[in-house]
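Reading through the structure tokens given below for one structure.
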Amino acid sequence: MTDSMSVSEPTIMRTFGRILEDSASVNDSLTILRTRYRSVDDSMSVSDLVGLRGKLTIETRNNTLIPGAVYAVTPNPFTGLGSLTVTDGLSPDSDLSNNGSISLSDVLFGSYKLNQTQAPSGYVSITKKGLVTVHGTNVNALMKFVVVTNATDLLNSSVIDIDNVHVDNAQFATLLSPIKLTKVKDGIQTPITKVHDLPAPKFVGKNNTIGITNATKSQYSLLYKSLAELAPNESPDTVINAFRLNATDVGNSTSLSYVGVLASTAQSTVYGQYLATQPVEQFNCGQRYIYSLDDTLVPTYGGIKKVDFTVFENGTCPGTLDYITYEVSSKPPIESGIPSISETDPLQETLLYINARFPSELVNGTGIDFDNSTNIESYTFTVFAPKPQTNNIDDLTVYTFDESLDAWTKSGITVMSRNEVTSGTHAGKVQVEFEVEHTSKFTIGGKKLPASAGSGSSASPGHGKVGVGPASVGAGAGSASGTTSEKPVRPSSTTNIDSVYYNVCDDNIVKVMISGGLFPSNVVLQTKHSGIIPAKLADYQPYAMDNQYSDVHRYVYEASISPNETFFVVSANGESSISNTSIQIINCEGNVYLVKEDPYSKPQIFDFKLEVDGQDRLVTSSNSYEYLEEPTSITISALIDNAQSELRRAELRLITMGDADIERNYTGLKMKIEDLSGISNTTSRVFITVPASLLKSPATEFWIHAINADGKINDSEHLYLGLIPNDIDLNNVDAKLEMDMQTIKPQGTTLKPHAYLHNKESTSMYGLMTLLVDGKPVDAVPYLFKPGFNDVELSWVIPKNASRLDYNISARVDLYGNGSTTNTGVLNTFVRTQSKQLDSVTELDLIRNEHGDVVARPSLIYASNNHDNDLRFRVVSPQGVCVIGSDSSCLVSSSTYGNRGDLTSVQIGDQIYRIKYSGADSPLERFSITSFDPITGDWLIQLESNDTIISYAEAVHEVIIKIKYRAESSVITTLN
């Protein structure tokens with residue numbers, strides 16, 4: 001017997017070799033002689049994890065543990081092979097007790113699929129499948145399966161939290177770093193640091209409207225902070241593979257709505273944003289699915305807030321793994337080949353683009369075909385979109401892309417509501433809710449202003465109050481119709497309903513903002529279930545001070561409302577007028593705005609100045625850094641232009657920087673108004689001297705609040721004035737500055753490095769964080785640096801300059817005259833899209849920096865020819881293979897439109913290319929070639945006629961070949 005052992009940590013490999021030889025002679029009384037030789041050659045190889053073992057517990061629960069369940073565990077957690085069936089109370093259940101808990105001790109580390117093959121008698125399971133991971137971060141792994149009695153009324157069920165998916169063991173390290181997977185709720189980000197940290201889906205009865213709303217509001221979103229492997233117009237399988245999530249079970253009861261987890265990338269200058277529903281074992285016909293995204297994760301240009309769809313009960317549901325991905329960008333990426341909305345309607349511009357995709361559209365793909373309207377009972381999007389140029393939210397239009405017409409259309413789209421967002425992350429945008437007949441590519445179009453209307457200049461819109469709801473409430477879903485005027489200037493005797501806020505989630509209240517010159521005598525709600533409900537003046541009147549100086553007054557009224565209401569009418573009776581409006585309750589909370597204001601009707605505030613010790617300091621913006629060494633009185637002044645109405649009051653408002661309740665805690669000081677009629681008939685100078693006692697440490701935040709005779713209000717930009725804290729030694733400030741930055745970015749995109757300041761002092765400090773490019777400031781952020789770590793995002797749009805490719809990047813922080821600057825890092829840039837004239841050979845190569853390091857690689861070739869229908873493209877690869885052409889030897893000779901994604905895949909050598917081709921018969925012949933691997937080498941791109949390939953001297957079409965480059969994966973560099 002020979003035995004050998006080799007160790008490769010953390011796995012011990014043991015190999016046994018065994019050779020057995022023997023012989024036997026038998027002599028007996030029968031005089032029979034037999035000799036037998038036997039040779040046995042046997043070997044065994046054992047691969048085992050040594051020392052990495054844990055415990056796996058499976059619980060079956062209602063409110064308590066329920067005995068009697070049977071589960072299959074794959075692979076067998078003791079051997080890592082095959083499958084193991086475990087029964088509650090029977091071995092290998094370590095407690096040998098039929099008590100609702102199955103404990104498996106000394107199991108191998110790894111991920112295991114659980115399948116409940118038998119539910120306890122008298123119970124049904126909400127879900128039957130799960131993925132549990134035994135890991136160093138989850139040594140005692142636990143998976144709970146919820147069961148309910150057979151008599152349970154699931155249609156009206158309350159929220160059921162389940163626990164059925166962990167991070168796969170093989171993906172955890174990558175998701176932890178560099179991807180930095182994080183769960184987000186209400187803007188609070190919590191890093192995923194353990195395999196069982198993933199948020200789980202929720203189930204709630206299909207008829208429990210309030211429960212569905214609460215489950216949706218309480219659900220987490222997943223954020224992939226650093227996912228650099230995606231590119232524009234990716235296929236759904238590429239996106240879902242990048243997210244690295246395992247499938248979860250949606251159960252099999254259509255009486256329960258499924259509130260799932262929506263995963264998102266951070267906003268990217270390369271591809272915008274990708275979203276993906278967490279994969280499911282299957283989508284069930286007749287079941288409702290809801291996915292929402294935390295507001296803070298919606299891109300700055302707008303994006304998806306929520307998707308809500310129900311699969312038709314008589315649809316085709318294959319019962320296979322399924323998911324939906326969404327590409328969200330401000331306009332269609334060039335790789336998609338999708339035309340701009342202005343090509344369909346010249347009066348519209350694209351404000352938001354959404355591409356919804358799913359696995360059944362792939363070649364040999366499975367799952368539900370969401371492009372088939374017979375599979376969809378309802379499908380609703382809620383999105384945030386920018387306002388159109390006209391500033392009228394009704395000028396936003398939703399389109400879907402018709403592949404057969406190669407054009408945008410409004411067919412099959414129902415816009416349910418448009419509401420302006422007045423607070424929160426997306427204040428100033430519009431929340432649009434629309435229903436579609438099937439999933440496709442969608443765009444939000446905005447009406448353009450006539451060319452003559454674009455001249456002139458305007459100041460920033462400011463930050464004044466607009467609505468009546470709580471500051472934390474964004475624009476909700478709702479719709480309104482009625483007789484309220486939408487003119488920005490109204491007769492002072494008219495009573496108007498400006499906005500209506502409702503909440504039937506938990507507060508069961510309606511707040512109505514009324515405006516007019518006379519106090520309204522009666523405000524009532526007319527409801528279906530409760531009849532007429534009188535409204536009363538609210539205790540808090542946010543416009544009480546402004547009403548003293550305006551001919552148009554604003555009042556807030558409140559009334560209770562039943563949560564069962566779905567519709568009500570608001571009536572406001574003034575002395576000489578009556579205003580009515582009807583409100584449709586769509587979500588349980590909403591803010592409906594009925595008056596659209598002309599921004600030029602508001603007072604415009606500019607030319608801010610601070611006078612300290614007799615010296616003027618012009619404050620151009622919040623990026624200006626000003627501070628005082630000790631308290632002293634200051635004079636603040638500004639100019640206000642008010643062309644459309646008399647300026648009635650200007651107020652300087654101050655608050656200590658960092659005070660969260662800015663609306664209630666500010667101090668207001670009336671400013672003096674000086675007429676500048678000798679200079680301008682519409683401009684006034686406002687000023688005030690602020691006593692030293694009102695200036696606070698570490699900084700004072702201040703702004704001007706102005707109101708005119710028409711009741712139009714505007715707030716200036718918020719500015720800051722620092723005051724050195726008494727307990728800080730400026731000669732020895734204890735703080736450390738670092739910055740993380742990408743080292744490769746395309747030109748024309750935005751670099752967003754993060755600067756980190758570790759404030760080791762015991763008190764907060766006011767400072768200015770500045771991004772330096774080649775030593776010059778390009779962005780600055782005023783910031784309150786609290787004790788501990790502070791994260792400040794900076795930004796810089798990289799200029800398009802082919803002659804300049806490298807930049808030196810650093811960050812600087814200023815703290816009351818003390819400055820600190822990080823080391824310098826090199827940013828390598830490249831021209832993302834390069835153009836070449838049609839030539840005999842188009843040479844494609846990697847882009848390298850001066851040190852020879854790869855910066856970018858060619859990822860797309862595309863071109864179009866609309867000059868001569870007698871000519872068509874012929875494209876030959878560096879290997880001599882005809883990729884696109886007219887003869888049968890070419891891999892693609894006709895249009896690929898109509899295929900999944902309008903693409904076809906071809907393989908040349910070891911590389912796979914994705915080809916999109918319009919066909920030679922198209923009025924605009926065009927093609928694109930993409931590949932995950934770099935597209936390099938000498939490509940032959942020509943124009944050919946029906947007879948022969950023409951010479952380039954004859955090709956006067958000036959056809960341009962465009963090559964798009966993708967950034968090479970780059971590490972995040974930390975600068976100290």
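Identifiers in this document derive from the order of the structure tokens: chains are assigned A, B, ..., residues are numbered from 1 separately in each chain, and ligands are numbered from 1 in order of occurrence.
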Residue contacts of Tyr917 of chain A (12 Å, only C-alpha atoms) excluding same-chain residues fewer than 2 positions away, as a count of residues only: 41
Close residues, segment 663-672 of chain A itself excluded, 12 Å, only C-alpha atoms, min 4 positions apart in chain, as number ranges by chain: A: 463-465, 470-472, 540-543, 545-546, 549, 635-640, 647-659, 684-691, 693-696, 700-707
Spatial neighbours of segment 51-61 of chain A, max dist 8 Å, only C-alpha atoms, sep filter under 6 positions, as a PyMOL selection string: chain A and resi 67+69+100-109+134-135+139-147
A:Ser835, A:Ser716, A:Ser268, A:Asn364 ranked by distance to Lys752 of chain A, top pick (using only C-alpha atoms): A:Ser268
For Thr414 of chain A: contacts at 9 Å, only C-alpha atoms, fewer than 5 positions along chain excluded, given as a list of chain:residue names: A:Val398, A:Glu433, A:Phe434, A:Glu435, A:Val436, A:Glu437
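Separating atom CA of Ser582 of chain A from atom CA of Ile533 of chain A is a distance of 14.4 Å.
For the choices A:Ser499, A:Ser97, A:Ser221, A:Asn818, the atom-to-atom distance to Asn419 of chain A is smallest for A:Ser499 when using only C-alpha atoms.
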Close residues, Thr190 of chain A itself excluded, 12 Å, only C-alpha atoms, min 3 positions apart in chain, as an MDAnalysis selection string: chainID A and resid 180:187 193:194 197:199 220:225
Could you turn the residues from that selection into a file that holds N, CA, C and O atoms, as a PDB file, in the first residue's frame?
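Produced file result-v8.pdb, reproduced below:
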ATOM      1  N   LYS A 180     -18.850  46.374  -4.718  1.00  0.00           N
ATOM      2  CA  LYS A 180     -19.383  47.116  -3.568  1.00  0.00           C
ATOM      3  C   LYS A 180     -20.908  47.099  -3.554  1.00  0.00           C
ATOM      4  O   LYS A 180     -21.562  48.136  -3.578  1.00  0.00           O
ATOM      5  N   LEU A 181     -21.469  45.886  -3.527  1.00  0.00           N
ATOM      6  CA  LEU A 181     -22.920  45.736  -3.488  1.00  0.00           C
ATOM      7  C   LEU A 181     -23.473  46.344  -2.200  1.00  0.00           C
ATOM      8  O   LEU A 181     -22.952  46.091  -1.109  1.00  0.00           O
ATOM      9  N   THR A 182     -24.532  47.122  -2.334  1.00  0.00           N
ATOM     10  CA  THR A 182     -25.096  47.883  -1.214  1.00  0.00           C
ATOM     11  C   THR A 182     -26.614  47.830  -1.293  1.00  0.00           C
ATOM     12  O   THR A 182     -27.182  47.888  -2.382  1.00  0.00           O
ATOM     13  N   LYS A 183     -27.276  47.717  -0.139  1.00  0.00           N
ATOM     14  CA  LYS A 183     -28.735  47.829  -0.128  1.00  0.00           C
ATOM     15  C   LYS A 183     -29.105  49.232   0.346  1.00  0.00           C
ATOM     16  O   LYS A 183     -28.441  49.811   1.204  1.00  0.00           O
ATOM     17  N   VAL A 184     -30.192  49.765  -0.249  1.00  0.00           N
ATOM     18  CA  VAL A 184     -30.544  51.167  -0.025  1.00  0.00           C
ATOM     19  C   VAL A 184     -32.035  51.271   0.280  1.00  0.00           C
ATOM     20  O   VAL A 184     -32.869  50.662  -0.395  1.00  0.00           O
ATOM     21  N   LYS A 185     -32.353  52.045   1.306  1.00  0.00           N
ATOM     22  CA  LYS A 185     -33.745  52.359   1.626  1.00  0.00           C
ATOM     23  C   LYS A 185     -33.814  53.752   2.213  1.00  0.00           C
ATOM     24  O   LYS A 185     -33.047  54.091   3.118  1.00  0.00           O
ATOM     25  N   ASP A 186     -34.715  54.581   1.670  1.00  0.00           N
ATOM     26  CA  ASP A 186     -34.885  55.967   2.137  1.00  0.00           C
ATOM     27  C   ASP A 186     -33.568  56.735   2.104  1.00  0.00           C
ATOM     28  O   ASP A 186     -33.297  57.564   2.973  1.00  0.00           O
ATOM     29  N   GLY A 187     -32.736  56.440   1.106  1.00  0.00           N
ATOM     30  CA  GLY A 187     -31.480  57.156   0.947  1.00  0.00           C
ATOM     31  C   GLY A 187     -30.351  56.651   1.813  1.00  0.00           C
ATOM     32  O   GLY A 187     -29.214  57.107   1.677  1.00  0.00           O
ATOM     33  N   THR A 193     -22.152  42.956   3.553  1.00  0.00           N
ATOM     34  CA  THR A 193     -20.894  42.418   4.073  1.00  0.00           C
ATOM     35  C   THR A 193     -21.007  40.961   4.480  1.00  0.00           C
ATOM     36  O   THR A 193     -20.015  40.355   4.869  1.00  0.00           O
ATOM     37  N   LYS A 194     -22.231  40.413   4.420  1.00  0.00           N
ATOM     38  CA  LYS A 194     -22.444  39.012   4.765  1.00  0.00           C
ATOM     39  C   LYS A 194     -23.316  38.373   3.693  1.00  0.00           C
ATOM     40  O   LYS A 194     -24.131  39.049   3.073  1.00  0.00           O
ATOM     41  N   ASP A 197     -27.077  39.046   3.864  1.00  0.00           N
ATOM     42  CA  ASP A 197     -27.516  40.442   3.976  1.00  0.00           C
ATOM     43  C   ASP A 197     -28.469  40.870   2.870  1.00  0.00           C
ATOM     44  O   ASP A 197     -28.969  41.988   2.887  1.00  0.00           O
ATOM     45  N   LEU A 198     -28.671  40.016   1.865  1.00  0.00           N
ATOM     46  CA  LEU A 198     -29.527  40.415   0.744  1.00  0.00           C
ATOM     47  C   LEU A 198     -30.952  40.688   1.220  1.00  0.00           C
ATOM     48  O   LEU A 198     -31.504  39.926   2.019  1.00  0.00           O
ATOM     49  N   PRO A 199     -31.580  41.766   0.740  1.00  0.00           N
ATOM     50  CA  PRO A 199     -32.999  41.970   1.052  1.00  0.00           C
ATOM     51  C   PRO A 199     -33.845  40.900   0.379  1.00  0.00           C
ATOM     52  O   PRO A 199     -33.524  40.430  -0.709  1.00  0.00           O
ATOM     53  N   TYR A 220     -36.238  47.311   0.094  1.00  0.00           N
ATOM     54  CA  TYR A 220     -34.916  47.830  -0.250  1.00  0.00           C
ATOM     55  C   TYR A 220     -34.704  47.810  -1.768  1.00  0.00           C
ATOM     56  O   TYR A 220     -35.370  47.072  -2.498  1.00  0.00           O
ATOM     57  N   SER A 221     -33.749  48.600  -2.208  1.00  0.00           N
ATOM     58  CA  SER A 221     -33.181  48.493  -3.553  1.00  0.00           C
ATOM     59  C   SER A 221     -31.740  48.023  -3.407  1.00  0.00           C
ATOM     60  O   SER A 221     -31.116  48.202  -2.359  1.00  0.00           O
ATOM     61  N   LEU A 222     -31.202  47.439  -4.474  1.00  0.00           N
ATOM     62  CA  LEU A 222     -29.795  47.020  -4.484  1.00  0.00           C
ATOM     63  C   LEU A 222     -28.996  47.953  -5.388  1.00  0.00           C
ATOM     64  O   LEU A 222     -29.417  48.242  -6.509  1.00  0.00           O
ATOM     65  N   LEU A 223     -27.859  48.413  -4.902  1.00  0.00           N
ATOM     66  CA  LEU A 223     -26.987  49.315  -5.658  1.00  0.00           C
ATOM     67  C   LEU A 223     -25.655  48.638  -5.925  1.00  0.00           C
ATOM     68  O   LEU A 223     -24.995  48.173  -4.997  1.00  0.00           O
ATOM     69  N   TYR A 224     -25.277  48.583  -7.208  1.00  0.00           N
ATOM     70  CA  TYR A 224     -23.958  48.093  -7.604  1.00  0.00           C
ATOM     71  C   TYR A 224     -23.101  49.334  -7.843  1.00  0.00           C
ATOM     72  O   TYR A 224     -23.192  49.980  -8.881  1.00  0.00           O
ATOM     73  N   LYS A 225     -22.273  49.674  -6.845  1.00  0.00           N
ATOM     74  CA  LYS A 225     -21.571  50.957  -6.888  1.00  0.00           C
ATOM     75  C   LYS A 225     -20.527  51.018  -7.993  1.00  0.00           C
ATOM     76  O   LYS A 225     -20.265  52.078  -8.555  1.00  0.00           O
TER      77      LYS A 225
END
Selection: 6 Å around Gln431 of chain A, only C-alpha atoms, excl. self and same-chain fewer than 6 positions, as a PyMOL selection string: chain A and resi 383-384+418-419
Go ahead and dump the residues you just picked, N, CA, C and O atoms, as a compact mmCIF listing (two decimals), in the first residue's frame.
# COMPACT_ATOMS: atom_id res chain seq x y z
N VAL A 383 -42.05 57.07 -13.54
CA VAL A 383 -40.71 57.57 -13.83
C VAL A 383 -40.59 59.02 -13.40
O VAL A 383 -41.59 59.74 -13.27
N PHE A 384 -39.35 59.45 -13.18
CA PHE A 384 -39.03 60.86 -13.02
C PHE A 384 -38.44 61.35 -14.34
O PHE A 384 -37.52 60.72 -14.88
N ARG A 418 -49.34 63.15 -14.56
CA ARG A 418 -48.09 63.93 -14.58
C ARG A 418 -48.15 64.87 -13.38
O ARG A 418 -49.08 65.65 -13.26
N ASN A 419 -47.16 64.81 -12.51
CA ASN A 419 -47.14 65.65 -11.32
C ASN A 419 -45.75 66.20 -11.10
O ASN A 419 -44.76 65.45 -11.19
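The interatomic distance for the pair atom CA of Lys206 of chain A and atom CA of Val307 of chain A works out to 16.1 Å.
Residues of segment 627-741 of chain A carrying a DSSP assignment of alpha helix (DSSP H), computed from the backbone, are Ile662, Glu663, Arg664 and Asn665 of chain A.
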May I have the selected residues written with C-alpha atoms, as a compact mmCIF listing (two decimals), in the first residue's frame?
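Final output, result11.txt:
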# COMPACT_ATOMS: atom_id res chain seq x y z
CA ILE A 662 -34.64 74.51 7.61
CA GLU A 663 -38.25 75.51 6.94
CA ARG A 664 -39.16 76.08 10.60
CA ASN A 665 -35.89 77.03 12.29
Shell around Ile126 of chain A at 12 Å using only C-alpha atoms, local window under 3 positions removed, as a VMD selection string: chain A and resid 60 to 62 116 119 123 129 to 130 144 to 150 152 154 157 159 to 164 201 to 205 249 to 258
Mind dumping the selected residues with N, CA and C atoms as an mmCIF file, in the first residue's frame?
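So result-v2.cif came out as:
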data_model
loop_
_atom_site.group_PDB
_atom_site.id
_atom_site.type_symbol
_atom_site.label_atom_id
_atom_site.label_comp_id
_atom_site.auth_asym_id
_atom_site.auth_seq_id
_atom_site.Cartn_x
_atom_site.Cartn_y
_atom_site.Cartn_z
ATOM 1 N N THR A 60 -39.503 25.804 9.379
ATOM 2 C CA THR A 60 -40.821 25.914 8.756
ATOM 3 C C THR A 60 -41.712 26.656 9.750
ATOM 4 N N ARG A 61 -42.211 27.833 9.337
ATOM 5 C CA ARG A 61 -42.857 28.706 10.311
ATOM 6 C C ARG A 61 -44.205 29.209 9.843
ATOM 7 N N ASN A 62 -45.102 29.395 10.785
ATOM 8 C CA ASN A 62 -46.251 30.270 10.675
ATOM 9 C C ASN A 62 -45.941 31.376 11.667
ATOM 10 N N GLN A 116 -38.709 22.505 -0.774
ATOM 11 C CA GLN A 116 -39.663 21.870 0.135
ATOM 12 C C GLN A 116 -40.526 20.889 -0.670
ATOM 13 N N ALA A 119 -45.060 19.847 2.433
ATOM 14 C CA ALA A 119 -45.431 20.828 3.449
ATOM 15 C C ALA A 119 -46.066 20.115 4.632
ATOM 16 N N TYR A 123 -51.234 22.654 5.892
ATOM 17 C CA TYR A 123 -50.617 23.941 5.576
ATOM 18 C C TYR A 123 -50.220 23.989 4.101
ATOM 19 N N LYS A 129 -38.886 27.101 -2.548
ATOM 20 C CA LYS A 129 -37.480 26.985 -2.924
ATOM 21 C C LYS A 129 -36.671 28.137 -2.319
ATOM 22 N N GLY A 130 -35.392 27.873 -2.109
ATOM 23 C CA GLY A 130 -34.506 28.904 -1.582
ATOM 24 C C GLY A 130 -33.064 28.550 -1.838
ATOM 25 N N LYS A 144 -35.629 30.294 6.486
ATOM 26 C CA LYS A 144 -36.991 30.140 6.991
ATOM 27 C C LYS A 144 -37.965 30.011 5.826
ATOM 28 N N PHE A 145 -38.879 29.075 5.944
ATOM 29 C CA PHE A 145 -39.959 28.900 4.976
ATOM 30 C C PHE A 145 -41.289 29.173 5.691
ATOM 31 N N VAL A 146 -42.068 30.097 5.134
ATOM 32 C CA VAL A 146 -43.338 30.486 5.742
ATOM 33 C C VAL A 146 -44.452 29.618 5.181
ATOM 34 N N VAL A 147 -45.279 29.083 6.072
ATOM 35 C CA VAL A 147 -46.460 28.317 5.675
ATOM 36 C C VAL A 147 -47.686 28.947 6.323
ATOM 37 N N VAL A 148 -48.839 28.757 5.696
ATOM 38 C CA VAL A 148 -50.102 29.238 6.249
ATOM 39 C C VAL A 148 -51.108 28.095 6.191
ATOM 40 N N THR A 149 -52.131 28.192 7.007
ATOM 41 C CA THR A 149 -53.141 27.135 7.005
ATOM 42 C C THR A 149 -53.921 27.144 5.701
ATOM 43 N N ASN A 150 -54.530 26.008 5.391
ATOM 44 C CA ASN A 150 -55.291 25.895 4.147
ATOM 45 C C ASN A 150 -56.453 26.874 4.097
ATOM 46 N N THR A 152 -56.483 29.997 5.149
ATOM 47 C CA THR A 152 -56.055 31.401 5.162
ATOM 48 C C THR A 152 -56.596 32.155 3.953
ATOM 49 N N LEU A 154 -55.782 34.422 1.527
ATOM 50 C CA LEU A 154 -54.581 35.035 0.971
ATOM 51 C C LEU A 154 -54.878 36.319 0.208
ATOM 52 N N SER A 157 -54.418 39.045 2.612
ATOM 53 C CA SER A 157 -53.318 38.798 3.539
ATOM 54 C C SER A 157 -52.510 40.064 3.805
ATOM 55 N N VAL A 159 -48.748 41.809 4.998
ATOM 56 C CA VAL A 159 -47.412 41.628 4.413
ATOM 57 C C VAL A 159 -46.732 40.399 5.009
ATOM 58 N N ILE A 160 -46.201 39.549 4.139
ATOM 59 C CA ILE A 160 -45.473 38.349 4.557
ATOM 60 C C ILE A 160 -44.020 38.507 4.137
ATOM 61 N N ASP A 161 -43.121 38.603 5.107
ATOM 62 C CA ASP A 161 -41.693 38.686 4.813
ATOM 63 C C ASP A 161 -41.130 37.278 4.706
ATOM 64 N N ILE A 162 -40.391 37.011 3.651
ATOM 65 C CA ILE A 162 -39.812 35.678 3.469
ATOM 66 C C ILE A 162 -38.289 35.777 3.461
ATOM 67 N N ASP A 163 -37.664 34.650 3.511
ATOM 68 C CA ASP A 163 -36.202 34.572 3.555
ATOM 69 C C ASP A 163 -35.794 33.408 2.673
ATOM 70 N N ASN A 164 -35.540 33.678 1.380
ATOM 71 C CA ASN A 164 -35.309 32.528 0.513
ATOM 72 C C ASN A 164 -34.146 32.681 -0.453
ATOM 73 N N PRO A 201 -37.727 39.292 -0.946
ATOM 74 C CA PRO A 201 -39.026 39.731 -1.460
ATOM 75 C C PRO A 201 -40.089 39.709 -0.362
ATOM 76 N N LYS A 202 -41.207 40.374 -0.654
ATOM 77 C CA LYS A 202 -42.347 40.394 0.256
ATOM 78 C C LYS A 202 -43.583 39.959 -0.519
ATOM 79 N N PHE A 203 -44.520 39.321 0.196
ATOM 80 C CA PHE A 203 -45.801 38.938 -0.377
ATOM 81 C C PHE A 203 -46.905 39.644 0.395
ATOM 82 N N VAL A 204 -47.962 40.012 -0.311
ATOM 83 C CA VAL A 204 -49.095 40.670 0.333
ATOM 84 C C VAL A 204 -50.344 40.365 -0.492
ATOM 85 N N GLY A 205 -51.497 40.267 0.194
ATOM 86 C CA GLY A 205 -52.739 39.922 -0.480
ATOM 87 C C GLY A 205 -53.057 40.854 -1.636
ATOM 88 N N ASP A 249 -37.846 32.375 -5.378
ATOM 89 C CA ASP A 249 -39.119 31.716 -5.641
ATOM 90 C C ASP A 249 -40.260 32.712 -5.441
ATOM 91 N N VAL A 250 -41.185 32.797 -6.399
ATOM 92 C CA VAL A 250 -42.333 33.693 -6.279
ATOM 93 C C VAL A 250 -43.578 32.952 -5.798
ATOM 94 N N GLY A 251 -43.414 31.697 -5.380
ATOM 95 C CA GLY A 251 -44.562 30.921 -4.935
ATOM 96 C C GLY A 251 -45.435 30.502 -6.093
ATOM 97 N N ASN A 252 -46.643 30.043 -5.766
ATOM 98 C CA ASN A 252 -47.550 29.617 -6.837
ATOM 99 C C ASN A 252 -48.981 30.079 -6.592
ATOM 100 N N SER A 253 -49.153 31.123 -5.750
ATOM 101 C CA SER A 253 -50.487 31.626 -5.454
ATOM 102 C C SER A 253 -50.703 32.966 -6.140
ATOM 103 N N THR A 254 -51.673 33.034 -7.034
ATOM 104 C CA THR A 254 -51.981 34.300 -7.698
ATOM 105 C C THR A 254 -52.796 35.211 -6.794
ATOM 106 N N SER A 255 -53.157 34.745 -5.605
ATOM 107 C CA SER A 255 -53.862 35.594 -4.641
ATOM 108 C C SER A 255 -52.911 36.547 -3.937
ATOM 109 N N LEU A 256 -51.610 36.311 -4.069
ATOM 110 C CA LEU A 256 -50.600 37.138 -3.417
ATOM 111 C C LEU A 256 -49.859 37.982 -4.450
ATOM 112 N N SER A 257 -49.698 39.257 -4.150
ATOM 113 C CA SER A 257 -48.840 40.116 -4.960
ATOM 114 C C SER A 257 -47.406 39.967 -4.474
ATOM 115 N N TYR A 258 -46.469 40.057 -5.414
ATOM 116 C CA TYR A 258 -45.053 39.860 -5.127
ATOM 117 C C TYR A 258 -44.334 41.207 -5.205
#
